[in-house]
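upload_8.pdb (PDB, C-alpha atoms and all ligand atoms) appears below.
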```pdb
ATOM      1  CA  MET A   1       0.000   0.000   0.000
ATOM      2  CA  SER A   2       1.389   3.411  -0.905
ATOM      3  CA  VAL A   3       1.508   6.123   1.738
ATOM      4  CA  GLN A   4      -1.239   8.001  -0.114
ATOM      5  CA  GLN A   5      -3.441   4.909   0.142
ATOM      6  CA  GLU A   6      -2.665   4.614   3.848
ATOM      7  CA  ILE A   7      -3.537   8.292   4.331
ATOM      8  CA  PHE A   8      -6.777   7.851   2.422
ATOM      9  CA  GLN A   9      -7.674   4.807   4.521
ATOM     10  CA  MET A  10      -6.998   6.732   7.739
ATOM     11  CA  ILE A  11      -9.172   9.626   6.530
ATOM     12  CA  LYS A  12     -11.987   7.163   5.858
ATOM     13  CA  ASP A  13     -11.583   5.649   9.337
ATOM     14  CA  PHE A  14     -12.119   8.927  11.250
ATOM     15  CA  GLU A  15     -15.296  10.898  11.831
ATOM     16  CA  THR A  16     -13.479  14.040  13.006
ATOM     17  CA  ILE A  17     -10.542  15.473  11.096
ATOM     18  CA  ILE A  18      -8.698  18.645  12.116
ATOM     19  CA  ILE A  19      -6.270  20.203   9.659
ATOM     20  CA  HIS A  20      -3.363  22.361  10.879
ATOM     21  CA  ARG A  21      -0.480  24.161   9.111
ATOM     22  CA  HIS A  22       2.419  26.439  10.001
ATOM     23  CA  GLU A  23       2.309  29.665  12.000
ATOM     24  CA  ARG A  24       2.506  32.993  10.138
ATOM     25  CA  PRO A  25       0.735  31.309   7.217
ATOM     26  CA  ASP A  26       1.465  32.079   3.574
ATOM     27  CA  PRO A  27      -1.065  31.454   0.765
ATOM     28  CA  ASP A  28       0.080  27.844   0.226
ATOM     29  CA  ALA A  29      -0.349  26.998   3.916
ATOM     30  CA  ILE A  30      -3.910  28.360   4.041
ATOM     31  CA  ALA A  31      -4.792  27.048   0.583
ATOM     32  CA  SER A  32      -3.577  23.477   1.096
ATOM     33  CA  GLN A  33      -5.244  23.379   4.523
ATOM     34  CA  CYS A  34      -8.601  24.787   3.413
ATOM     35  CA  GLY A  35      -8.488  23.179  -0.058
ATOM     36  CA  LEU A  36      -8.113  19.760   1.562
ATOM     37  CA  LYS A  37     -10.972  20.587   3.928
ATOM     38  CA  GLU A  38     -13.224  21.566   0.999
ATOM     39  CA  ILE A  39     -12.473  18.313  -0.852
ATOM     40  CA  LEU A  40     -13.071  16.152   2.224
ATOM     41  CA  LYS A  41     -16.228  18.033   3.197
ATOM     42  CA  ALA A  42     -17.703  17.587  -0.287
ATOM     43  CA  SER A  43     -16.658  13.940  -0.456
ATOM     44  CA  PHE A  44     -17.687  12.873   3.075
ATOM     45  CA  PRO A  45     -20.566  15.166   4.147
ATOM     46  CA  GLN A  46     -21.147  13.145   7.328
ATOM     47  CA  LYS A  47     -17.622  13.791   8.665
ATOM     48  CA  ASN A  48     -16.710  16.779  10.832
ATOM     49  CA  ILE A  49     -13.764  18.575   9.245
ATOM     50  CA  TYR A  50     -12.104  21.625  10.791
ATOM     51  CA  THR A  51      -9.229  23.981  10.075
ATOM     52  CA  ALA A  52      -7.149  25.308  12.976
ATOM     53  CA  GLY A  53      -4.352  27.793  13.582
ATOM     54  CA  SER A  54      -3.621  31.476  14.124
ATOM     55  CA  PHE A  55      -4.616  33.674  11.235
ATOM     56  CA  ASN A  56      -3.779  37.007   9.674
ATOM     57  CA  ASP A  57      -6.344  39.198   8.000
ATOM     58  CA  GLY A  58      -4.195  39.771   4.945
ATOM     59  CA  LEU A  59      -5.258  36.364   3.641
ATOM     60  CA  LYS A  60      -8.944  36.526   4.480
ATOM     61  CA  PHE A  61      -9.826  36.631   0.765
ATOM     62  CA  LEU A  62      -8.724  32.990   0.762
ATOM     63  CA  ALA A  63     -10.526  31.517   3.771
ATOM     64  CA  GLN A  64     -11.182  31.730   7.504
ATOM     65  CA  MET A  65     -10.294  29.295  10.269
ATOM     66  CA  ASP A  66     -12.843  27.295  12.263
ATOM     67  CA  LYS A  67     -13.351  27.447  16.003
ATOM     68  CA  VAL A  68     -12.286  24.017  17.186
ATOM     69  CA  ASN A  69     -13.450  22.767  20.547
ATOM     70  CA  ASP A  70     -10.543  21.270  22.546
ATOM     71  CA  ASN A  71     -12.576  18.204  23.471
ATOM     72  CA  LEU A  72     -12.772  17.139  19.801
ATOM     73  CA  TYR A  73      -9.068  16.281  19.648
ATOM     74  CA  PRO A  74      -8.861  12.957  21.535
ATOM     75  CA  ASP A  75     -10.973  11.198  18.872
ATOM     76  CA  ALA A  76      -9.706  13.183  15.922
ATOM     77  CA  LEU A  77      -7.328  12.591  13.066
ATOM     78  CA  VAL A  78      -4.978  15.584  12.810
ATOM     79  CA  ILE A  79      -3.443  16.367   9.421
ATOM     80  CA  VAL A  80      -0.623  18.936   9.314
ATOM     81  CA  VAL A  81       0.119  20.427   5.890
ATOM     82  CA  ASP A  82       3.039  22.513   4.573
ATOM     83  CA  THR A  83       5.030  22.405   7.840
ATOM     84  CA  ALA A  84       8.533  20.902   8.090
ATOM     85  CA  ASN A  85       9.061  21.185  11.848
ATOM     86  CA  VAL A  86       6.853  20.491  14.833
ATOM     87  CA  THR A  87       7.838  23.807  16.437
ATOM     88  CA  ARG A  88       6.348  25.689  13.473
ATOM     89  CA  ILE A  89       2.911  24.040  13.673
ATOM     90  CA  SER A  90       0.298  26.616  14.549
ATOM     91  CA  ASP A  91      -1.834  25.766  17.587
ATOM     92  CA  GLU A  92      -0.254  23.157  19.810
ATOM     93  CA  HIS A  93      -3.519  21.244  20.210
ATOM     94  CA  PHE A  94      -2.365  19.255  17.185
ATOM     95  CA  LYS A  95      -0.518  17.017  19.690
ATOM     96  CA  LYS A  96      -3.774  15.941  21.290
ATOM     97  CA  GLY A  97      -5.186  14.091  18.269
ATOM     98  CA  LYS A  98      -5.488  10.315  18.145
ATOM     99  CA  LYS A  99      -3.437  10.039  14.955
ATOM    100  CA  LEU A 100      -1.180  12.507  13.138
ATOM    101  CA  ILE A 101      -0.394  12.828   9.417
ATOM    102  CA  LYS A 102       2.233  15.101   7.837
ATOM    103  CA  ILE A 103       1.811  16.236   4.212
ATOM    104  CA  ASP A 104       4.552  18.591   3.032
ATOM    105  CA  HIS A 105       6.902  19.739   0.293
ATOM    106  CA  HIS A 106       9.750  21.151   2.412
ATOM    107  CA  PRO A 107      12.887  19.015   2.867
ATOM    108  CA  ASN A 108      12.006  16.425   5.505
ATOM    109  CA  ASP A 109      14.172  17.920   8.266
ATOM    110  CA  GLU A 110      11.961  16.482  10.956
ATOM    111  CA  SER A 111       9.959  13.292  10.495
ATOM    112  CA  TYR A 112       6.833  13.488  12.621
ATOM    113  CA  GLY A 113       3.433  11.850  12.580
ATOM    114  CA  ASP A 114       2.043   8.325  12.249
ATOM    115  CA  LEU A 115       2.066   8.710   8.472
ATOM    116  CA  LEU A 116       4.118  11.166   6.472
ATOM    117  CA  TRP A 117       4.055  12.065   2.817
ATOM    118  CA  VAL A 118       6.797  14.504   1.858
ATOM    119  CA  GLU A 119       7.732  15.481  -1.701
ATOM    120  CA  PRO A 120      10.391  18.195  -1.642
ATOM    121  CA  LYS A 121      10.314  18.512  -5.452
ATOM    122  CA  ALA A 122       6.657  19.563  -5.531
ATOM    123  CA  SER A 123       6.072  23.284  -6.106
ATOM    124  CA  SER A 124       3.679  23.563  -3.192
ATOM    125  CA  THR A 125       1.637  21.556  -0.742
ATOM    126  CA  SER A 126      -1.408  22.676  -2.732
ATOM    127  CA  GLU A 127      -0.005  20.772  -5.712
ATOM    128  CA  LEU A 128       0.303  17.669  -3.496
ATOM    129  CA  ILE A 129      -3.325  17.994  -2.403
ATOM    130  CA  VAL A 130      -4.334  17.933  -6.070
ATOM    131  CA  TYR A 131      -2.191  14.798  -6.654
ATOM    132  CA  PHE A 132      -4.026  13.270  -3.716
ATOM    133  CA  TYR A 133      -7.390  14.181  -5.191
ATOM    134  CA  LEU A 134      -6.414  12.758  -8.592
ATOM    135  CA  ALA A 135      -5.185   9.494  -7.042
ATOM    136  CA  PHE A 136      -8.628   8.825  -5.527
ATOM    137  CA  LYS A 137     -10.858  10.857  -7.806
ATOM    138  CA  ASP A 138     -13.385   8.041  -8.103
ATOM    139  CA  GLN A 139     -14.101   8.542  -4.369
ATOM    140  CA  LEU A 140     -13.268  12.244  -3.871
ATOM    141  CA  LYS A 141     -15.015  15.402  -5.077
ATOM    142  CA  MET A 142     -13.239  18.538  -6.261
ATOM    143  CA  THR A 143     -15.264  21.726  -5.850
ATOM    144  CA  THR A 144     -14.876  25.147  -7.429
ATOM    145  CA  GLU A 145     -13.919  26.596  -4.051
ATOM    146  CA  ALA A 146     -11.264  23.916  -3.500
ATOM    147  CA  ALA A 147      -9.912  24.556  -6.999
ATOM    148  CA  ARG A 148      -9.778  28.313  -6.332
ATOM    149  CA  LEU A 149      -7.856  27.790  -3.097
ATOM    150  CA  LEU A 150      -5.408  25.237  -4.480
ATOM    151  CA  TYR A 151      -4.720  27.385  -7.528
ATOM    152  CA  ALA A 152      -3.963  30.300  -5.177
ATOM    153  CA  GLY A 153      -1.560  28.120  -3.188
ATOM    154  CA  ILE A 154       0.352  27.159  -6.323
ATOM    155  CA  VAL A 155       0.468  30.765  -7.579
ATOM    156  CA  GLY A 156       1.679  31.868  -4.144
ATOM    157  CA  ASP A 157       4.460  29.337  -3.668
ATOM    158  CA  THR A 158       5.753  29.514  -7.255
ATOM    159  CA  GLY A 159       5.774  33.332  -7.346
ATOM    160  CA  ARG A 160       3.275  33.120 -10.215
ATOM    161  CA  PHE A 161       5.119  30.227 -11.898
ATOM    162  CA  LEU A 162       8.499  31.983 -11.627
ATOM    163  CA  TYR A 163      10.555  29.815  -9.255
ATOM    164  CA  PRO A 164      12.455  26.721 -10.452
ATOM    165  CA  ALA A 165      10.171  24.307  -8.541
ATOM    166  CA  THR A 166       7.598  25.101 -11.254
ATOM    167  CA  THR A 167       7.447  21.987 -13.466
ATOM    168  CA  ALA A 168       5.415  20.628 -16.366
ATOM    169  CA  LYS A 169       3.428  18.806 -13.691
ATOM    170  CA  THR A 170       2.692  22.137 -11.951
ATOM    171  CA  PHE A 171       1.202  23.542 -15.160
ATOM    172  CA  GLU A 172      -0.746  20.338 -15.727
ATOM    173  CA  ILE A 173      -2.254  20.659 -12.246
ATOM    174  CA  ALA A 174      -2.918  24.391 -12.703
ATOM    175  CA  SER A 175      -4.538  23.684 -16.050
ATOM    176  CA  PHE A 176      -6.816  21.101 -14.451
ATOM    177  CA  LEU A 177      -7.799  23.547 -11.680
ATOM    178  CA  LEU A 178      -8.614  26.229 -14.262
ATOM    179  CA  THR A 179     -11.347  23.992 -15.694
ATOM    180  CA  PHE A 180     -13.387  25.056 -12.631
ATOM    181  CA  PRO A 181     -15.264  28.370 -12.929
ATOM    182  CA  PHE A 182     -13.412  30.597 -10.417
ATOM    183  CA  ASN A 183     -11.781  33.914 -11.238
ATOM    184  CA  ALA A 184      -8.094  33.021 -11.605
ATOM    185  CA  SER A 185      -7.084  36.508 -12.667
ATOM    186  CA  LEU A 186      -8.663  37.937  -9.530
ATOM    187  CA  ILE A 187      -6.702  35.469  -7.374
ATOM    188  CA  SER A 188      -3.388  36.477  -8.977
ATOM    189  CA  ARG A 189      -4.319  40.133  -8.554
ATOM    190  CA  GLU A 190      -5.240  39.671  -4.891
ATOM    191  CA  LEU A 191      -2.032  37.790  -4.188
ATOM    192  CA  SER A 192       0.121  40.541  -5.682
ATOM    193  CA  THR A 193      -1.735  43.551  -4.287
ATOM    194  CA  ILE A 194       0.174  45.602  -1.694
ATOM    195  CA  SER A 195      -0.876  48.449   0.563
ATOM    196  CA  MET A 196       0.459  51.969   0.020
ATOM    197  CA  LYS A 197       2.647  51.670   3.114
ATOM    198  CA  VAL A 198       4.214  48.436   1.832
ATOM    199  CA  ALA A 199       4.751  50.179  -1.529
ATOM    200  CA  LYS A 200       6.672  52.903   0.282
ATOM    201  CA  LEU A 201       8.629  50.334   2.261
ATOM    202  CA  SER A 202       9.499  48.702  -1.085
ATOM    203  CA  GLY A 203      11.062  52.014  -2.086
ATOM    204  CA  TYR A 204      13.155  51.899   1.088
ATOM    205  CA  VAL A 205      14.284  48.339   0.302
ATOM    206  CA  TYR A 206      15.423  49.304  -3.204
ATOM    207  CA  GLN A 207      17.126  52.472  -1.957
ATOM    208  CA  ASN A 208      18.984  50.782   0.875
ATOM    209  CA  ILE A 209      19.951  47.362  -0.409
ATOM    210  CA  ASN A 210      23.652  46.494  -0.061
ATOM    211  CA  VAL A 211      25.131  44.221  -2.746
ATOM    212  CA  ASP A 212      28.678  42.874  -2.877
ATOM    213  CA  GLU A 213      30.709  42.054  -6.025
ATOM    214  CA  ASN A 214      29.350  38.474  -6.111
ATOM    215  CA  GLY A 215      25.706  39.428  -5.860
ATOM    216  CA  ALA A 216      25.237  38.729  -2.139
ATOM    217  CA  ALA A 217      22.805  41.320  -0.802
ATOM    218  CA  TYR A 218      21.134  42.341   2.422
ATOM    219  CA  VAL A 219      18.630  44.837   3.742
ATOM    220  CA  LEU A 220      18.029  45.507   7.416
ATOM    221  CA  LEU A 221      14.618  46.740   8.525
ATOM    222  CA  SER A 222      14.993  48.094  12.050
ATOM    223  CA  THR A 223      12.136  48.714  14.453
ATOM    224  CA  LYS A 224      12.623  52.406  13.738
ATOM    225  CA  ILE A 225      12.116  51.870  10.008
ATOM    226  CA  LEU A 226       9.056  49.679  10.576
ATOM    227  CA  GLN A 227       7.595  52.456  12.730
ATOM    228  CA  LYS A 228       8.447  55.110  10.152
ATOM    229  CA  TYR A 229       6.563  53.216   7.431
ATOM    230  CA  GLY A 230       3.819  52.072   9.781
ATOM    231  CA  VAL A 231       4.227  48.377   8.937
ATOM    232  CA  THR A 232       4.183  45.360  11.213
ATOM    233  CA  GLU A 233       6.913  42.760  11.129
ATOM    234  CA  PHE A 234       4.451  40.413   9.426
ATOM    235  CA  GLU A 235       3.696  42.890   6.621
ATOM    236  CA  THR A 236       7.376  42.948   5.634
ATOM    237  CA  SER A 237       6.942  39.494   4.076
ATOM    238  CA  ALA A 238       5.587  41.340   1.018
ATOM    239  CA  VAL A 239       9.021  42.845   0.225
ATOM    240  CA  VAL A 240      11.117  39.687   0.588
ATOM    241  CA  SER A 241      11.056  38.734  -3.098
ATOM    242  CA  LEU A 242      11.876  42.239  -4.403
ATOM    243  CA  PRO A 243      15.705  42.012  -4.489
ATOM    244  CA  GLY A 244      15.370  39.016  -6.818
ATOM    245  CA  MET A 245      14.271  41.370  -9.589
ATOM    246  CA  ILE A 246      17.627  43.159  -9.542
ATOM    247  CA  GLU A 247      20.057  41.824 -12.149
ATOM    248  CA  GLU A 248      23.103  42.261  -9.884
ATOM    249  CA  VAL A 249      21.568  40.304  -6.995
ATOM    250  CA  LEU A 250      22.206  36.545  -6.763
ATOM    251  CA  SER A 251      21.376  35.704  -3.114
ATOM    252  CA  TRP A 252      19.942  37.892  -0.433
ATOM    253  CA  VAL A 253      18.751  38.157   3.116
ATOM    254  CA  ILE A 254      16.260  40.564   4.645
ATOM    255  CA  PHE A 255      16.656  41.121   8.367
ATOM    256  CA  VAL A 256      13.645  42.379  10.288
ATOM    257  CA  GLU A 257      14.074  43.506  13.863
ATOM    258  CA  LYS A 258      11.559  41.898  16.200
ATOM    259  CA  ALA A 259       9.698  43.831  18.887
ATOM    260  CA  GLU A 260      10.892  41.336  21.498
ATOM    261  CA  GLY A 261      14.533  41.717  20.400
ATOM    262  CA  GLY A 262      16.651  39.918  17.830
ATOM    263  CA  PHE A 263      15.987  39.668  14.098
ATOM    264  CA  ARG A 264      14.007  37.503  11.739
ATOM    265  CA  ALA A 265      16.156  36.608   8.708
ATOM    266  CA  ARG A 266      14.559  35.723   5.377
ATOM    267  CA  LEU A 267      17.018  34.155   2.951
ATOM    268  CA  ARG A 268      16.462  33.837  -0.785
ATOM    269  CA  SER A 269      18.586  32.814  -3.740
ATOM    270  CA  LYS A 270      18.590  32.524  -7.518
ATOM    271  CA  GLY A 271      21.481  30.024  -7.452
ATOM    272  CA  PRO A 272      23.457  28.845  -4.416
ATOM    273  CA  ALA A 273      21.494  26.850  -1.850
ATOM    274  CA  ILE A 274      20.925  28.804   1.360
ATOM    275  CA  ASN A 275      18.881  26.386   3.489
ATOM    276  CA  GLU A 276      21.955  24.927   5.230
ATOM    277  CA  ILE A 277      22.902  28.449   6.337
ATOM    278  CA  ALA A 278      19.384  28.952   7.689
ATOM    279  CA  LYS A 279      19.622  25.686   9.625
ATOM    280  CA  ARG A 280      22.713  26.918  11.454
ATOM    281  CA  TYR A 281      20.702  29.892  12.734
ATOM    282  CA  ASP A 282      17.652  28.228  14.156
ATOM    283  CA  GLY A 283      15.795  27.988  10.851
ATOM    284  CA  GLY A 284      15.406  26.039   7.636
ATOM    285  CA  GLY A 285      13.218  25.735   4.576
ATOM    286  CA  HIS A 286      13.683  25.184   0.865
ATOM    287  CA  LEU A 287      17.002  25.176  -1.023
ATOM    288  CA  LEU A 288      16.370  28.669  -2.393
ATOM    289  CA  ALA A 289      13.960  30.119   0.189
ATOM    290  CA  SER A 290      14.494  29.771   3.925
ATOM    291  CA  GLY A 291      13.911  31.532   7.214
ATOM    292  CA  ALA A 292      16.196  31.900  10.223
ATOM    293  CA  GLY A 293      16.824  34.042  13.281
ATOM    294  CA  ALA A 294      19.651  36.280  14.497
ATOM    295  CA  LYS A 295      19.942  36.999  18.197
ATOM    296  CA  ASN A 296      21.914  40.232  17.709
ATOM    297  CA  TYR A 297      23.885  42.362  15.217
ATOM    298  CA  GLU A 298      26.833  40.016  15.444
ATOM    299  CA  GLU A 299      24.701  37.138  14.168
ATOM    300  CA  VAL A 300      23.211  39.408  11.491
ATOM    301  CA  GLN A 301      26.740  39.929  10.183
ATOM    302  CA  LYS A 302      27.592  36.248  10.443
ATOM    303  CA  ILE A 303      24.547  35.240   8.400
ATOM    304  CA  TYR A 304      25.349  37.818   5.725
ATOM    305  CA  HIS A 305      28.972  36.629   5.609
ATOM    306  CA  GLU A 306      27.803  33.068   5.032
ATOM    307  CA  ILE A 307      25.569  34.273   2.190
ATOM    308  CA  GLN A 308      28.585  36.112   0.758
ATOM    309  CA  ASP A 309      30.709  32.956   0.943
ATOM    310  CA  ALA A 310      28.011  30.899  -0.767
ATOM    311  CA  ALA A 311      27.658  33.497  -3.531
ATOM    312  CA  LYS A 312      31.435  33.670  -4.035
ATOM    313  CA  LYS A 313      31.780  29.877  -4.274
ATOM    314  CA  TRP A 314      28.929  29.809  -6.762
ATOM    315  CA  ARG A 315      30.471  32.539  -8.940
ATOM    316  CA  ASP A 316      33.957  30.950  -8.753
ATOM    317  CA  LYS A 317      32.529  27.686 -10.069
ATOM    318  CA  LYS A 318      31.104  29.432 -13.128
TER
HETATM  319 MN    MN A 401       4.406  25.699   0.778
END
```
Spit out the file's structure as structure tokens when you get a sec.
Amino acid sequence: MSVQQEIFQMIKDFETIIIHRHERPDPDAIASQCGLKEILKASFPQKNIYTAGSFNDGLKFLAQMDKVNDNLYPDALVIVVDTANVTRISDEHFKKGKKLIKIDHHPNDESYGDLLWVEPKASSTSELIVYFYLAFKDQLKMTTEAARLLYAGIVGDTGRFLYPATTAKTFEIASFLLTFPFNASLISRELSTISMKVAKLSGYVYQNINVDENGAAYVLLSTKILQKYGVTEFETSAVVSLPGMIEEVLSWVIFVEKAEGGFRARLRSKGPAINEIAKRYDGGGHLLASGAGAKNYEEVQKIYHEIQDAAKKWRDKK
């Protein structure tokens, strides 16, 4: 029996299913979570299916979370999507379920759960949810709302089909989803819309980016700058991809000072892998897109130096 078959069997065996994903959710996290819920709800109307986790209003055009009563967990199947590490799972009630399943596309840095299905080559967890649907389509129902969500997850995680994880398979899946009558153009527009204050912060990022001779770049957004532009730490996620548009930039890191002290570091690359660097600083993620943390300015400099080394090695090889 394949792991997908085992997962499907476990889903059939439970009356209550609660779906979690990572904290500080991005579109793929919300979309794979809520897209899976939509499919299961339509396919098994007698089951109770919930979505759980902290939420941010910026993604409310996608979906909302359910209120989940704590006493549902002991008899529930918990499915965690799009989350590599247990510490990143939003809402720690996930531990209280009877069984646990992990479905993810990040490198499998931490194996957790009774069943795990991890495909690091997939563009997004949303893409995996569609594979899952297709594998059992004689028993599962895709709905327009599920298709809308899963399409949004793929658009989000591929940067609108820009990043190298975008494959022929990704387009095949997207093409299938587009056969459902949702407004795909609207989804892409919503995902790329920014507020005026984030637009102004983008100007700051472009004005203040530092790039070395090998294309290693960094920007530091201090608490003072966040206050000046009136943006929260969370809202800065909208500017993380911007340096990638600059020809001279190969790999970059955006440091954001946290209210409680220290810095969040978001690492990105168009070439050299940066996830091993992230792992050394309390983080991890994909080869070309990772997150980490710096306790102080000294660690900020260390992380940037490691990015510089990686960029230099990459350029020397060429
Ligand atoms: Mn993802």
Evaluate the PyMOL selection byres (((chain A and resi 131) around 12) and not hetatm) and report residues as a PyMOL selection string | chain A and resi 4+32+36+103+117+119+122-130+132-137+140+142+150+169-170+172-174+176-177
Counting all atoms listed in the file, what are the residues, protein, DNA or RNA alike, that approach ligand MN 401 (chain A) to within 8 Å? I want them as a short mmCIF file (atom, residue, chain, number, x, y, z; two decimals) with C-alpha atoms, in the coordinates of the input.
```
data_model
loop_
_atom_site.label_atom_id
_atom_site.label_comp_id
_atom_site.auth_asym_id
_atom_site.auth_seq_id
_atom_site.Cartn_x
_atom_site.Cartn_y
_atom_site.Cartn_z
CA ASP A 26 1.46 32.08 3.57
CA PRO A 27 -1.06 31.45 0.76
CA ASP A 28 0.08 27.84 0.23
CA ALA A 29 -0.35 27.00 3.92
CA ASP A 82 3.04 22.51 4.57
CA THR A 83 5.03 22.40 7.84
CA ASP A 104 4.55 18.59 3.03
CA HIS A 105 6.90 19.74 0.29
CA HIS A 106 9.75 21.15 2.41
CA SER A 123 6.07 23.28 -6.11
CA SER A 124 3.68 23.56 -3.19
CA THR A 125 1.64 21.56 -0.74
CA SER A 126 -1.41 22.68 -2.73
CA GLY A 153 -1.56 28.12 -3.19
CA ASP A 157 4.46 29.34 -3.67
#
```
Name the closest residue to A:Ser195 among the candidates A:Thr236, A:Asn56, A:Asn296, A:Gln46; distances are taken between atoms, counting all atoms listed in the file.
->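 Looking at the shortest contact to A:Ser195, the residue is A:Thr236.
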Which of these, A:Lys317, A:Val256, A:Ile274, A:Pro181, has the shortest distance to A:Ala294 once you count only C-alpha atoms?
->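 Among A:Lys317, A:Val256, A:Ile274, A:Pro181, it is A:Val256 that comes nearest to A:Ala294.
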Neighbours of point (22.8, 36.3, 7.2) within 9 Å, using all atoms listed in the file, written as a PyMOL selection string = chain A and resi 218+252-255+265-267+277-278+281+292-294+299-308
Find the residues around A:Phe44 up to 12 Å (only C-alpha atoms counted), leave out those fewer than 2 positions away in its own chain, and share them as JSON, numbers by chain.
-> {"A": [11, 12, 13, 14, 15, 16, 17, 36, 37, 38, 39, 40, 41, 42, 46, 47, 48, 49, 139, 140, 141, 142]}
Between A:Glu248, A:Asp114, A:Lys200, A:Pro107, which one has atoms that come closest to A:Leu288, using only C-alpha atoms?
-> A:Pro107
Evaluate the PyMOL selection byres (((chain A and resi 163) around 12) and not hetatm) and record the selected residues as a list in words, following the chain and residue labels used in the document.
->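 Going through the file, the PyMOL selection byres (((chain A and resi 163) around 12) and not hetatm) ends up selecting Lys121, Ala122, Ser123, Ser124, Ile154, Val155, Gly156, Asp157, Thr158, Gly159, Arg160, Phe161, Leu162, Pro164, Ala165, Thr166, Thr167, Thr170, Ser241, Gly244, Arg268, Ser269, Lys270, Gly271, His286, Leu287, Leu288 and Ala289 of chain A.
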Next, the residues of the selection above should be written as an mmCIF file, in the frame of the given file with C-alpha atoms.
```
data_model
loop_
_atom_site.group_PDB
_atom_site.id
_atom_site.type_symbol
_atom_site.label_atom_id
_atom_site.label_comp_id
_atom_site.auth_asym_id
_atom_site.auth_seq_id
_atom_site.Cartn_x
_atom_site.Cartn_y
_atom_site.Cartn_z
ATOM 1 C CA LYS A 121 10.314 18.512 -5.452
ATOM 2 C CA ALA A 122 6.657 19.563 -5.531
ATOM 3 C CA SER A 123 6.072 23.284 -6.106
ATOM 4 C CA SER A 124 3.679 23.563 -3.192
ATOM 5 C CA ILE A 154 0.352 27.159 -6.323
ATOM 6 C CA VAL A 155 0.468 30.765 -7.579
ATOM 7 C CA GLY A 156 1.679 31.868 -4.144
ATOM 8 C CA ASP A 157 4.460 29.337 -3.668
ATOM 9 C CA THR A 158 5.753 29.514 -7.255
ATOM 10 C CA GLY A 159 5.774 33.332 -7.346
ATOM 11 C CA ARG A 160 3.275 33.120 -10.215
ATOM 12 C CA PHE A 161 5.119 30.227 -11.898
ATOM 13 C CA LEU A 162 8.499 31.983 -11.627
ATOM 14 C CA PRO A 164 12.455 26.721 -10.452
ATOM 15 C CA ALA A 165 10.171 24.307 -8.541
ATOM 16 C CA THR A 166 7.598 25.101 -11.254
ATOM 17 C CA THR A 167 7.447 21.987 -13.466
ATOM 18 C CA THR A 170 2.692 22.137 -11.951
ATOM 19 C CA SER A 241 11.056 38.734 -3.098
ATOM 20 C CA GLY A 244 15.370 39.016 -6.818
ATOM 21 C CA ARG A 268 16.462 33.837 -0.785
ATOM 22 C CA SER A 269 18.586 32.814 -3.740
ATOM 23 C CA LYS A 270 18.590 32.524 -7.518
ATOM 24 C CA GLY A 271 21.481 30.024 -7.452
ATOM 25 C CA HIS A 286 13.683 25.184 0.865
ATOM 26 C CA LEU A 287 17.002 25.176 -1.023
ATOM 27 C CA LEU A 288 16.370 28.669 -2.393
ATOM 28 C CA ALA A 289 13.960 30.119 0.189
#
```
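With distances taken over all atoms listed in the file, A:Ala216 is the one residue among A:Ala76, A:Val81, A:Ala216, A:Ile7 lying closest to A:Trp314.
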Selection: 7 Å around stretch 257-260 of chain A, only C-alpha atoms, excl. self and same-chain fewer than 4 positions, as a PyMOL selection string = chain A and resi 221-223+233+264
For atom CA of A:Gly230 and atom CA of A:Lys295, determine how far apart the two atoms are, in Å to one decimal place.
->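 Answer for the atom CA of A:Gly230 to atom CA of A:Lys295 separation: 23.6 Å.
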Between A:Val211, A:Val118, A:Leu77, A:Leu191, which has the minimum distance to A:Met10 (counting all atoms listed in the file)?
->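 The closest residue to A:Met10 is A:Leu77.
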